[in-house]
file data.pdb (PDB, C-alpha atoms, pLDDT in the B column)
ATOM      1  CA  MET A   1      36.677   2.199  23.844  1.00 40.00           C
ATOM      2  CA  ALA A   2      33.383   4.015  24.364  1.00 38.00           C
ATOM      3  CA  ILE A   3      31.499   1.230  22.629  1.00 37.00           C
ATOM      4  CA  ARG A   4      33.228  -1.377  24.778  1.00 35.00           C
ATOM      5  CA  SER A   5      32.441   0.587  27.923  1.00 35.00           C
ATOM      6  CA  VAL A   6      28.759   0.844  27.052  1.00 33.00           C
ATOM      7  CA  ALA A   7      28.633  -2.873  26.169  1.00 35.00           C
ATOM      8  CA  SER A   8      30.310  -3.766  29.429  1.00 36.00           C
ATOM      9  CA  ARG A   9      27.835  -1.688  31.415  1.00 37.00           C
ATOM     10  CA  ARG A  10      24.945  -3.286  29.562  1.00 37.00           C
ATOM     11  CA  THR A  11      26.351  -6.760  30.212  1.00 38.00           C
ATOM     12  CA  LEU A  12      26.725  -6.116  33.925  1.00 40.00           C
ATOM     13  CA  ALA A  13      23.294  -4.521  34.100  1.00 42.00           C
ATOM     14  CA  GLY A  14      21.801  -7.603  32.480  1.00 42.00           C
ATOM     15  CA  LEU A  15      23.805  -9.804  34.813  1.00 41.00           C
ATOM     16  CA  LYS A  16      22.463  -7.954  37.831  1.00 43.00           C
ATOM     17  CA  GLU A  17      18.902  -8.286  36.579  1.00 44.00           C
ATOM     18  CA  THR A  18      19.258 -12.005  35.841  1.00 40.00           C
ATOM     19  CA  SER A  19      20.994 -12.807  39.106  1.00 43.00           C
ATOM     20  CA  SER A  20      18.447 -10.776  41.035  1.00 42.00           C
ATOM     21  CA  LYS A  21      15.696 -12.947  39.629  1.00 43.00           C
ATOM     22  CA  LEU A  22      17.606 -16.116  40.474  1.00 47.00           C
ATOM     23  CA  LEU A  23      18.625 -15.151  43.980  1.00 46.00           C
ATOM     24  CA  GLY A  24      15.797 -12.866  45.037  1.00 45.00           C
ATOM     25  CA  PHE A  25      18.022 -10.002  46.202  1.00 44.00           C
ATOM     26  CA  ARG A  26      17.030  -8.062  49.333  1.00 45.00           C
ATOM     27  CA  GLY A  27      17.289 -11.315  51.190  1.00 62.00           C
ATOM     28  CA  ILE A  28      19.059 -14.153  49.381  1.00 75.00           C
ATOM     29  CA  GLN A  29      17.364 -17.505  49.647  1.00 86.00           C
ATOM     30  CA  THR A  30      19.470 -19.919  51.663  1.00 93.00           C
ATOM     31  CA  PHE A  31      19.316 -23.686  51.614  1.00 97.00           C
ATOM     32  CA  THR A  32      19.256 -26.058  54.564  1.00 97.00           C
ATOM     33  CA  LEU A  33      20.095 -29.691  55.160  1.00 98.00           C
ATOM     34  CA  PRO A  34      16.887 -31.734  54.786  1.00 98.00           C
ATOM     35  CA  ASP A  35      15.856 -34.095  57.553  1.00 98.00           C
ATOM     36  CA  LEU A  36      15.718 -37.817  56.816  1.00 98.00           C
ATOM     37  CA  SER A  37      12.431 -39.670  57.210  1.00 97.00           C
ATOM     38  CA  TYR A  38      14.214 -42.637  58.812  1.00 98.00           C
ATOM     39  CA  ASP A  39      16.985 -43.288  61.329  1.00 98.00           C
ATOM     40  CA  TYR A  40      20.577 -43.530  60.156  1.00 98.00           C
ATOM     41  CA  SER A  41      20.699 -47.220  61.101  1.00 98.00           C
ATOM     42  CA  ALA A  42      17.372 -48.047  59.422  1.00 98.00           C
ATOM     43  CA  LEU A  43      18.982 -49.065  56.117  1.00 98.00           C
ATOM     44  CA  GLU A  44      21.256 -51.692  57.655  1.00 98.00           C
ATOM     45  CA  PRO A  45      22.658 -54.078  56.609  1.00 98.00           C
ATOM     46  CA  ALA A  46      22.611 -52.620  53.078  1.00 98.00           C
ATOM     47  CA  ILE A  47      24.074 -49.294  54.234  1.00 98.00           C
ATOM     48  CA  SER A  48      25.546 -48.882  57.702  1.00 98.00           C
ATOM     49  CA  GLY A  49      24.307 -46.269  60.126  1.00 98.00           C
ATOM     50  CA  GLU A  50      27.826 -44.860  60.410  1.00 98.00           C
ATOM     51  CA  ILE A  51      27.995 -44.225  56.668  1.00 98.00           C
ATOM     52  CA  MET A  52      24.543 -42.656  56.611  1.00 98.00           C
ATOM     53  CA  GLN A  53      25.316 -40.311  59.488  1.00 98.00           C
ATOM     54  CA  ILE A  54      28.632 -39.137  58.047  1.00 98.00           C
ATOM     55  CA  HIS A  55      27.195 -38.907  54.546  1.00 98.00           C
ATOM     56  CA  HIS A  56      24.252 -36.797  55.676  1.00 98.00           C
ATOM     57  CA  GLN A  57      25.695 -34.694  58.509  1.00 98.00           C
ATOM     58  CA  LYS A  58      29.162 -34.106  57.066  1.00 98.00           C
ATOM     59  CA  HIS A  59      29.173 -34.454  53.281  1.00 98.00           C
ATOM     60  CA  HIS A  60      25.722 -33.146  52.424  1.00 98.00           C
ATOM     61  CA  GLN A  61      25.999 -30.393  55.033  1.00 98.00           C
ATOM     62  CA  THR A  62      29.269 -29.278  53.448  1.00 98.00           C
ATOM     63  CA  TYR A  63      27.614 -28.946  50.053  1.00 98.00           C
ATOM     64  CA  VAL A  64      24.801 -26.889  51.584  1.00 98.00           C
ATOM     65  CA  THR A  65      27.217 -24.602  53.457  1.00 98.00           C
ATOM     66  CA  ASN A  66      29.450 -24.049  50.444  1.00 98.00           C
ATOM     67  CA  TYR A  67      26.466 -23.498  48.156  1.00 98.00           C
ATOM     68  CA  ASN A  68      25.072 -20.791  50.416  1.00 97.00           C
ATOM     69  CA  ASN A  69      28.500 -19.163  50.687  1.00 97.00           C
ATOM     70  CA  ALA A  70      28.912 -19.159  46.910  1.00 97.00           C
ATOM     71  CA  LEU A  71      25.483 -17.586  46.413  1.00 96.00           C
ATOM     72  CA  GLU A  72      26.303 -14.864  48.924  1.00 96.00           C
ATOM     73  CA  GLN A  73      29.584 -14.172  47.150  1.00 96.00           C
ATOM     74  CA  LEU A  74      27.711 -14.048  43.844  1.00 96.00           C
ATOM     75  CA  ASP A  75      25.309 -11.487  45.287  1.00 94.00           C
ATOM     76  CA  GLN A  76      28.219  -9.321  46.377  1.00 95.00           C
ATOM     77  CA  ALA A  77      30.071  -9.702  43.082  1.00 95.00           C
ATOM     78  CA  VAL A  78      27.034  -8.744  41.010  1.00 94.00           C
ATOM     79  CA  SER A  79      26.323  -5.769  43.259  1.00 93.00           C
ATOM     80  CA  LYS A  80      29.900  -4.577  42.665  1.00 94.00           C
ATOM     81  CA  GLY A  81      29.757  -5.285  38.930  1.00 95.00           C
ATOM     82  CA  ASP A  82      32.626  -7.773  39.320  1.00 95.00           C
ATOM     83  CA  ALA A  83      32.031  -9.888  36.225  1.00 96.00           C
ATOM     84  CA  SER A  84      35.206 -11.971  36.555  1.00 96.00           C
ATOM     85  CA  THR A  85      34.271 -13.127  40.054  1.00 97.00           C
ATOM     86  CA  VAL A  86      30.743 -13.927  38.887  1.00 96.00           C
ATOM     87  CA  VAL A  87      32.155 -16.200  36.195  1.00 97.00           C
ATOM     88  CA  LYS A  88      34.679 -17.737  38.603  1.00 96.00           C
ATOM     89  CA  LEU A  89      31.907 -18.667  41.058  1.00 97.00           C
ATOM     90  CA  HIS A  90      30.045 -20.707  38.439  1.00 96.00           C
ATOM     91  CA  SER A  91      31.963 -23.921  39.135  1.00 96.00           C
ATOM     92  CA  ALA A  92      31.444 -23.680  42.922  1.00 97.00           C
ATOM     93  CA  ILE A  93      27.730 -23.063  42.481  1.00 97.00           C
ATOM     94  CA  LYS A  94      27.382 -25.952  40.040  1.00 97.00           C
ATOM     95  CA  PHE A  95      29.366 -28.389  42.189  1.00 98.00           C
ATOM     96  CA  ASN A  96      27.902 -27.558  45.584  1.00 98.00           C
ATOM     97  CA  GLY A  97      24.419 -26.808  44.306  1.00 98.00           C
ATOM     98  CA  GLY A  98      24.492 -30.075  42.408  1.00 98.00           C
ATOM     99  CA  GLY A  99      25.655 -31.879  45.524  1.00 98.00           C
ATOM    100  CA  HIS A 100      22.703 -30.487  47.447  1.00 98.00           C
ATOM    101  CA  VAL A 101      20.188 -31.305  44.704  1.00 98.00           C
ATOM    102  CA  ASN A 102      21.508 -34.831  44.128  1.00 98.00           C
ATOM    103  CA  HIS A 103      21.684 -35.796  47.785  1.00 98.00           C
ATOM    104  CA  SER A 104      18.232 -34.404  48.502  1.00 98.00           C
ATOM    105  CA  ILE A 105      16.931 -36.819  45.856  1.00 98.00           C
ATOM    106  CA  PHE A 106      19.132 -39.676  47.078  1.00 98.00           C
ATOM    107  CA  TRP A 107      17.703 -39.676  50.607  1.00 98.00           C
ATOM    108  CA  LYS A 108      14.183 -39.950  49.177  1.00 98.00           C
ATOM    109  CA  ASN A 109      15.314 -42.753  46.882  1.00 98.00           C
ATOM    110  CA  LEU A 110      16.104 -44.862  49.959  1.00 98.00           C
ATOM    111  CA  ALA A 111      13.726 -46.502  52.424  1.00 98.00           C
ATOM    112  CA  PRO A 112      14.057 -49.113  55.178  1.00 98.00           C
ATOM    113  CA  VAL A 113      12.872 -52.597  54.239  1.00 98.00           C
ATOM    114  CA  ASN A 114      10.044 -52.365  56.779  1.00 97.00           C
ATOM    115  CA  GLN A 115       8.855 -49.211  55.012  1.00 97.00           C
ATOM    116  CA  GLY A 116       8.839 -50.701  51.532  1.00 97.00           C
ATOM    117  CA  GLY A 117      12.504 -50.410  50.637  1.00 98.00           C
ATOM    118  CA  GLY A 118      13.390 -52.829  47.860  1.00 98.00           C
ATOM    119  CA  GLU A 119       9.797 -53.628  46.930  1.00 98.00           C
ATOM    120  CA  PRO A 120       9.488 -53.766  43.107  1.00 97.00           C
ATOM    121  CA  PRO A 121       7.806 -50.826  41.376  1.00 97.00           C
ATOM    122  CA  LYS A 122       4.171 -51.258  40.464  1.00 91.00           C
ATOM    123  CA  GLY A 123       1.748 -49.413  38.218  1.00 96.00           C
ATOM    124  CA  ALA A 124       2.856 -47.238  35.326  1.00 98.00           C
ATOM    125  CA  LEU A 125       6.555 -47.136  36.252  1.00 98.00           C
ATOM    126  CA  GLY A 126       6.745 -50.903  36.590  1.00 98.00           C
ATOM    127  CA  GLY A 127       5.213 -51.282  33.136  1.00 98.00           C
ATOM    128  CA  ALA A 128       7.556 -48.690  31.625  1.00 98.00           C
ATOM    129  CA  ILE A 129      10.592 -50.474  33.080  1.00 98.00           C
ATOM    130  CA  ASP A 130       9.455 -53.753  31.513  1.00 98.00           C
ATOM    131  CA  THR A 131       8.930 -51.986  28.181  1.00 97.00           C
ATOM    132  CA  HIS A 132      12.291 -50.232  28.059  1.00 97.00           C
ATOM    133  CA  PHE A 133      14.558 -52.719  29.855  1.00 98.00           C
ATOM    134  CA  GLY A 134      12.763 -56.046  29.595  1.00 98.00           C
ATOM    135  CA  SER A 135      12.376 -56.401  33.359  1.00 98.00           C
ATOM    136  CA  LEU A 136      13.356 -54.815  36.657  1.00 98.00           C
ATOM    137  CA  GLU A 137      16.275 -57.239  36.773  1.00 98.00           C
ATOM    138  CA  GLY A 138      17.397 -55.937  33.382  1.00 98.00           C
ATOM    139  CA  LEU A 139      17.302 -52.356  34.628  1.00 98.00           C
ATOM    140  CA  VAL A 140      19.166 -53.194  37.839  1.00 98.00           C
ATOM    141  CA  LYS A 141      21.850 -55.012  35.871  1.00 98.00           C
ATOM    142  CA  LYS A 142      22.289 -52.081  33.483  1.00 98.00           C
ATOM    143  CA  MET A 143      22.448 -49.405  36.175  1.00 98.00           C
ATOM    144  CA  SER A 144      24.784 -51.469  38.361  1.00 98.00           C
ATOM    145  CA  ALA A 145      27.130 -52.080  35.427  1.00 98.00           C
ATOM    146  CA  GLU A 146      27.204 -48.430  34.417  1.00 98.00           C
ATOM    147  CA  GLY A 147      27.657 -47.300  38.009  1.00 98.00           C
ATOM    148  CA  ALA A 148      30.546 -49.722  38.535  1.00 98.00           C
ATOM    149  CA  ALA A 149      32.203 -48.631  35.287  1.00 98.00           C
ATOM    150  CA  LEU A 150      32.006 -44.906  36.045  1.00 97.00           C
ATOM    151  CA  GLN A 151      35.540 -43.610  36.420  1.00 96.00           C
ATOM    152  CA  GLY A 152      36.151 -41.454  39.450  1.00 95.00           C
ATOM    153  CA  SER A 153      33.190 -40.057  41.358  1.00 97.00           C
ATOM    154  CA  GLY A 154      29.644 -39.471  40.231  1.00 98.00           C
ATOM    155  CA  TRP A 155      26.104 -40.784  39.994  1.00 98.00           C
ATOM    156  CA  VAL A 156      24.127 -43.359  38.033  1.00 98.00           C
ATOM    157  CA  TRP A 157      20.545 -42.428  37.218  1.00 98.00           C
ATOM    158  CA  LEU A 158      17.218 -43.745  36.079  1.00 98.00           C
ATOM    159  CA  GLY A 159      15.434 -40.808  34.540  1.00 98.00           C
ATOM    160  CA  LEU A 160      12.407 -39.891  32.505  1.00 98.00           C
ATOM    161  CA  ASP A 161      12.955 -38.084  29.228  1.00 97.00           C
ATOM    162  CA  LYS A 162       9.767 -36.026  29.192  1.00 96.00           C
ATOM    163  CA  GLU A 163      10.299 -34.902  25.609  1.00 95.00           C
ATOM    164  CA  LEU A 164      10.654 -38.409  24.164  1.00 95.00           C
ATOM    165  CA  LYS A 165       8.431 -39.961  26.854  1.00 93.00           C
ATOM    166  CA  LYS A 166      10.898 -42.742  27.612  1.00 96.00           C
ATOM    167  CA  LEU A 167      13.047 -43.984  30.464  1.00 98.00           C
ATOM    168  CA  VAL A 168      16.792 -43.430  30.296  1.00 98.00           C
ATOM    169  CA  VAL A 169      19.801 -44.693  32.219  1.00 98.00           C
ATOM    170  CA  ASP A 170      22.733 -42.307  32.378  1.00 98.00           C
ATOM    171  CA  THR A 171      25.686 -41.315  34.539  1.00 98.00           C
ATOM    172  CA  THR A 172      26.947 -37.922  35.631  1.00 98.00           C
ATOM    173  CA  ALA A 173      30.399 -36.983  36.853  1.00 98.00           C
ATOM    174  CA  ASN A 174      31.142 -35.452  40.225  1.00 98.00           C
ATOM    175  CA  GLN A 175      27.995 -33.672  41.470  1.00 98.00           C
ATOM    176  CA  ASP A 176      26.443 -32.846  38.104  1.00 98.00           C
ATOM    177  CA  PRO A 177      22.650 -33.241  38.277  1.00 98.00           C
ATOM    178  CA  LEU A 178      20.901 -35.386  35.686  1.00 98.00           C
ATOM    179  CA  VAL A 179      19.446 -32.296  34.007  1.00 96.00           C
ATOM    180  CA  THR A 180      22.958 -31.499  32.731  1.00 96.00           C
ATOM    181  CA  LYS A 181      22.585 -34.484  30.396  1.00 95.00           C
ATOM    182  CA  GLY A 182      19.309 -33.229  28.965  1.00 93.00           C
ATOM    183  CA  GLY A 183      16.963 -30.392  29.766  1.00 94.00           C
ATOM    184  CA  SER A 184      13.952 -32.700  29.596  1.00 96.00           C
ATOM    185  CA  PHE A 185      15.460 -35.334  31.922  1.00 98.00           C
ATOM    186  CA  VAL A 186      13.726 -35.857  35.273  1.00 98.00           C
ATOM    187  CA  PRO A 187      15.531 -37.985  37.912  1.00 98.00           C
ATOM    188  CA  LEU A 188      13.568 -40.943  39.259  1.00 98.00           C
ATOM    189  CA  VAL A 189      16.338 -42.928  40.972  1.00 98.00           C
ATOM    190  CA  GLY A 190      19.845 -41.657  41.596  1.00 98.00           C
ATOM    191  CA  ILE A 191      22.578 -43.749  43.197  1.00 98.00           C
ATOM    192  CA  ASP A 192      25.628 -42.044  44.645  1.00 98.00           C
ATOM    193  CA  VAL A 193      28.823 -43.825  43.615  1.00 98.00           C
ATOM    194  CA  TRP A 194      31.245 -41.484  45.332  1.00 98.00           C
ATOM    195  CA  GLU A 195      33.448 -43.484  47.693  1.00 98.00           C
ATOM    196  CA  HIS A 196      32.056 -41.617  50.701  1.00 97.00           C
ATOM    197  CA  ALA A 197      28.729 -43.369  50.016  1.00 98.00           C
ATOM    198  CA  TYR A 198      30.146 -46.847  50.617  1.00 98.00           C
ATOM    199  CA  TYR A 199      33.876 -47.034  51.433  1.00 98.00           C
ATOM    200  CA  LEU A 200      33.620 -47.490  55.226  1.00 98.00           C
ATOM    201  CA  GLN A 201      31.536 -50.609  54.639  1.00 98.00           C
ATOM    202  CA  TYR A 202      32.481 -51.945  51.212  1.00 98.00           C
ATOM    203  CA  LYS A 203      36.034 -50.578  50.925  1.00 97.00           C
ATOM    204  CA  ASN A 204      36.874 -50.170  47.228  1.00 96.00           C
ATOM    205  CA  VAL A 205      34.449 -52.860  46.022  1.00 98.00           C
ATOM    206  CA  ARG A 206      31.833 -50.622  44.441  1.00 98.00           C
ATOM    207  CA  PRO A 207      30.000 -53.527  42.724  1.00 98.00           C
ATOM    208  CA  ASP A 208      29.124 -55.026  46.134  1.00 98.00           C
ATOM    209  CA  TYR A 209      27.614 -51.716  47.235  1.00 98.00           C
ATOM    210  CA  LEU A 210      25.654 -51.499  43.992  1.00 98.00           C
ATOM    211  CA  LYS A 211      24.400 -55.031  44.503  1.00 98.00           C
ATOM    212  CA  ASN A 212      23.053 -54.316  47.983  1.00 98.00           C
ATOM    213  CA  VAL A 213      21.740 -50.776  47.623  1.00 98.00           C
ATOM    214  CA  TRP A 214      18.803 -52.093  45.566  1.00 98.00           C
ATOM    215  CA  LYS A 215      17.512 -53.769  48.717  1.00 98.00           C
ATOM    216  CA  VAL A 216      16.606 -50.348  50.105  1.00 98.00           C
ATOM    217  CA  ILE A 217      15.576 -48.445  46.966  1.00 98.00           C
ATOM    218  CA  ASN A 218      12.302 -46.603  47.447  1.00 98.00           C
ATOM    219  CA  TRP A 219      10.397 -47.476  44.277  1.00 98.00           C
ATOM    220  CA  LYS A 220       7.219 -45.979  45.703  1.00 98.00           C
ATOM    221  CA  TYR A 221       8.805 -42.529  45.646  1.00 98.00           C
ATOM    222  CA  ALA A 222      10.149 -43.069  42.120  1.00 98.00           C
ATOM    223  CA  SER A 223       6.685 -44.150  40.982  1.00 98.00           C
ATOM    224  CA  GLU A 224       5.111 -41.034  42.468  1.00 98.00           C
ATOM    225  CA  VAL A 225       7.543 -38.796  40.609  1.00 98.00           C
ATOM    226  CA  TYR A 226       6.996 -40.735  37.373  1.00 98.00           C
ATOM    227  CA  ASP A 227       3.202 -40.495  37.648  1.00 97.00           C
ATOM    228  CA  GLN A 228       3.363 -36.768  38.386  1.00 97.00           C
ATOM    229  CA  GLU A 229       5.733 -36.004  35.510  1.00 97.00           C
ATOM    230  CA  CYS A 230       3.711 -38.069  33.029  1.00 94.00           C
ATOM    231  CA  LYS A 231       0.524 -36.059  33.571  1.00 88.00           C
TER     232      LYS A 231
END

call {"tool": "encode", "arguments": {"input": "data.pdb", "output": "structure tokens"}}
result
Amino acid sequence: MAIRSVASRRTLAGLKETSSKLLGFRGIQTFTLPDLSYDYSALEPAISGEIMQIHHQKHHQTYVTNYNNALEQLDQAVSKGDASTVVKLHSAIKFNGGGHVNHSIFWKNLAPVNQGGGEPPKGALGGAIDTHFGSLEGLVKKMSAEGAALQGSGWVWLGLDKELKKLVVDTTANQDPLVTKGGSFVPLVGIDVWEHAYYLQYKNVRPDYLKNVWKVINWKYASEVYDQECK
């Protein structure tokens, strides 16, 4: 019993130290809803202004609020040495934190047509897409097919595997970030295939949404990330 007690204290002490580093105790870092660089209606007709407003103000805001709440509860649980609550909060932190991370990328992955949305990627990323997928059309076809086939809710991604120095297409369930599929994976383009991203406009026809969303994909942003990560 004594050994178990000492081990438990050591575990909780280590947990406090680790969580303190992550959260920056004495003032937990909180997260806020990022502003968009374009109006809600600017992506029409590909994505309606109504969808964009609800998606950003309601859905993303909910992830941010719940993420902050979960982090505050984690702070309190660690301070109390409540290991079971710390473990229980893991799923809420992963889901809501992932929702915040993924959506923050998603908004940058979109751009109005008059701001370059839909313009094909150039430079190094354009060449890499041709190398790995044959053409941009080949990549679009692959991502659209995988996004349409994803059961339930989730995301379809174009990412860079920094370790293997190659582009990858993958899907994640729910709000799992791409990094959950590989520690060396960096997201370049992520497309939300939760119904809240398209249902008001496309009903249950996800393939139509995936066909049109490419018209407002911000390849300039993806290229900037790719160039930075390849240095």

call {"tool": "closest_residue", "arguments": {"input": "data.pdb", "among": "A:Leu43, A:Leu150, A:Ala197, A:Leu210", "to": "His59 in chain A", "atoms": "all atoms listed in the file"}}
result
A:Ala197

call {"tool": "resolve_selection", "arguments": {"input": "data.pdb", "expression": "the PyMOL selection byres ((chain A and resi 188) around 8)", "output": "MDAnalysis selection string"}}
result
chainID A and resid 157:160 186:187 189:190 222:223 225:226

call {"tool": "closest_atom_pairs", "arguments": {"input": "data.pdb", "of": "range 54-172 of chain A", "to": "range 178-184 of chain A", "cutoff": "12 Å", "atoms": "all atoms listed in the file", "output": "JSON lines"}}
result
{"residue": "A:Lys94", "atom": "CA", "partner": "A:Thr180", "partner_atom": "CA", "distance": 10.2}
{"residue": "A:Phe95", "atom": "CA", "partner": "A:Thr180", "partner_atom": "CA", "distance": 11.8}
{"residue": "A:Gly98", "atom": "CA", "partner": "A:Leu178", "partner_atom": "CA", "distance": 9.3}
{"residue": "A:Gly99", "atom": "CA", "partner": "A:Leu178", "partner_atom": "CA", "distance": 11.5}
{"residue": "A:Val101", "atom": "CA", "partner": "A:Leu178", "partner_atom": "CA", "distance": 9.9}
{"residue": "A:Asn102", "atom": "CA", "partner": "A:Leu178", "partner_atom": "CA", "distance": 8.5}
{"residue": "A:Ile105", "atom": "CA", "partner": "A:Leu178", "partner_atom": "CA", "distance": 11.0}
{"residue": "A:Gly154", "atom": "CA", "partner": "A:Leu178", "partner_atom": "CA", "distance": 10.7}
{"residue": "A:Trp155", "atom": "CA", "partner": "A:Leu178", "partner_atom": "CA", "distance": 8.6}
{"residue": "A:Val156", "atom": "CA", "partner": "A:Leu178", "partner_atom": "CA", "distance": 8.9}
{"residue": "A:Trp157", "atom": "CA", "partner": "A:Leu178", "partner_atom": "CA", "distance": 7.2}
{"residue": "A:Leu158", "atom": "CA", "partner": "A:Leu178", "partner_atom": "CA", "distance": 9.1}
{"residue": "A:Gly159", "atom": "CA", "partner": "A:Leu178", "partner_atom": "CA", "distance": 7.8}
{"residue": "A:Leu160", "atom": "CA", "partner": "A:Ser184", "partner_atom": "CA", "distance": 7.9}
{"residue": "A:Asp161", "atom": "CA", "partner": "A:Ser184", "partner_atom": "CA", "distance": 5.5}
{"residue": "A:Lys162", "atom": "CA", "partner": "A:Ser184", "partner_atom": "CA", "distance": 5.4}
{"residue": "A:Glu163", "atom": "CA", "partner": "A:Ser184", "partner_atom": "CA", "distance": 5.8}
{"residue": "A:Leu164", "atom": "CA", "partner": "A:Ser184", "partner_atom": "CA", "distance": 8.5}
{"residue": "A:Lys165", "atom": "CA", "partner": "A:Ser184", "partner_atom": "CA", "distance": 9.5}
{"residue": "A:Lys166", "atom": "CA", "partner": "A:Ser184", "partner_atom": "CA", "distance": 10.7}
{"residue": "A:Leu167", "atom": "CA", "partner": "A:Ser184", "partner_atom": "CA", "distance": 11.4}
{"residue": "A:Val168", "atom": "CA", "partner": "A:Leu178", "partner_atom": "CA", "distance": 10.5}
{"residue": "A:Val169", "atom": "CA", "partner": "A:Leu178", "partner_atom": "CA", "distance": 10.0}
{"residue": "A:Asp170", "atom": "CA", "partner": "A:Leu178", "partner_atom": "CA", "distance": 7.9}
{"residue": "A:Thr171", "atom": "CA", "partner": "A:Leu178", "partner_atom": "CA", "distance": 7.7}
{"residue": "A:Thr172", "atom": "CA", "partner": "A:Leu178", "partner_atom": "CA", "distance": 6.6}

call {"tool": "axis_aligned_box", "arguments": {"input": "data.pdb", "around": "range 138-141 of chain A", "padding_each_side": "5 Å", "output": "JSON"}}
result
{"center_x": 19.6, "center_y": -54.1, "center_z": 35.6, "size_x": 14.5, "size_y": 13.6, "size_z": 14.5}

call {"tool": "atom_distance", "arguments": {"input": "data.pdb", "atom1": "CA of Pro120 in chain A", "atom2": "CA of Gln201 in chain A"}}
result
25.1 Å

call {"tool": "resolve_selection", "arguments": {"input": "data.pdb", "expression": "the PyMOL selection byres ((chain A and resi 47) around 9)", "output": "MDAnalysis selection string"}}
result
chainID A and resid 40:46 48:52 197:198 201 209 212:213 216

call {"tool": "closest_residue", "arguments": {"input": "data.pdb", "among": "A:Lys58, A:Lys80, A:Lys141, A:His196", "to": "Leu33 in chain A", "atoms": "all atoms listed in the file"}}
result
A:Lys58

call {"tool": "residues_around", "arguments": {"input": "data.pdb", "residues": "Arg206 in chain A", "least_positions_apart": "5", "cutoff": "10 Å", "atoms": "all atoms listed in the file", "output": "JSON list (two decimals) with C-alpha atoms, in the coordinates of the input"}}
result
[["chain", "number", "residue", "atom", "x", "y", "z"],
["A", 144, "SER", "CA", 24.78, -51.47, 38.36],
["A", 147, "GLY", "CA", 27.66, -47.30, 38.01],
["A", 148, "ALA", "CA", 30.55, -49.72, 38.53],
["A", 149, "ALA", "CA", 32.20, -48.63, 35.29],
["A", 193, "VAL", "CA", 28.82, -43.82, 43.62],
["A", 194, "TRP", "CA", 31.24, -41.48, 45.33],
["A", 195, "GLU", "CA", 33.45, -43.48, 47.69],
["A", 197, "ALA", "CA", 28.73, -43.37, 50.02],
["A", 198, "TYR", "CA", 30.15, -46.85, 50.62],
["A", 199, "TYR", "CA", 33.88, -47.03, 51.43],
["A", 211, "LYS", "CA", 24.40, -55.03, 44.50]]

call {"tool": "atom_distance", "arguments": {"input": "data.pdb", "atom1": "CA of His60 in chain A", "atom2": "CA of His103 in chain A"}}
result
6.7 Å

call {"tool": "resolve_selection", "arguments": {"input": "data.pdb", "expression": "the PyMOL selection byres ((chain A and resi 121) around 7)", "output": "count of residues only"}}
result
9

call {"tool": "residues_near_point", "arguments": {"input": "data.pdb", "point": "(23.9, -27.0, 52.1)", "cutoff": "8 Å", "atoms": "only C-alpha atoms", "output": "list in words"}}
result
Phe31, Thr32, Leu33, His60, Gln61, Thr62, Tyr63, Val64, Thr65, Asn66, Tyr67, Asn68, Asn96, Gly97 and His100 of chain A

call {"tool": "atom_distance", "arguments": {"input": "data.pdb", "atom1": "CA of Glu224 in chain A", "atom2": "CA of Asp176 in chain A"}}
result
23.3 Å

call {"tool": "closest_residue", "arguments": {"input": "data.pdb", "among": "A:Gln151, A:Gln175, A:Asn109, A:Ser104", "to": "His56 in chain A", "atoms": "all atoms listed in the file"}}
result
A:Ser104
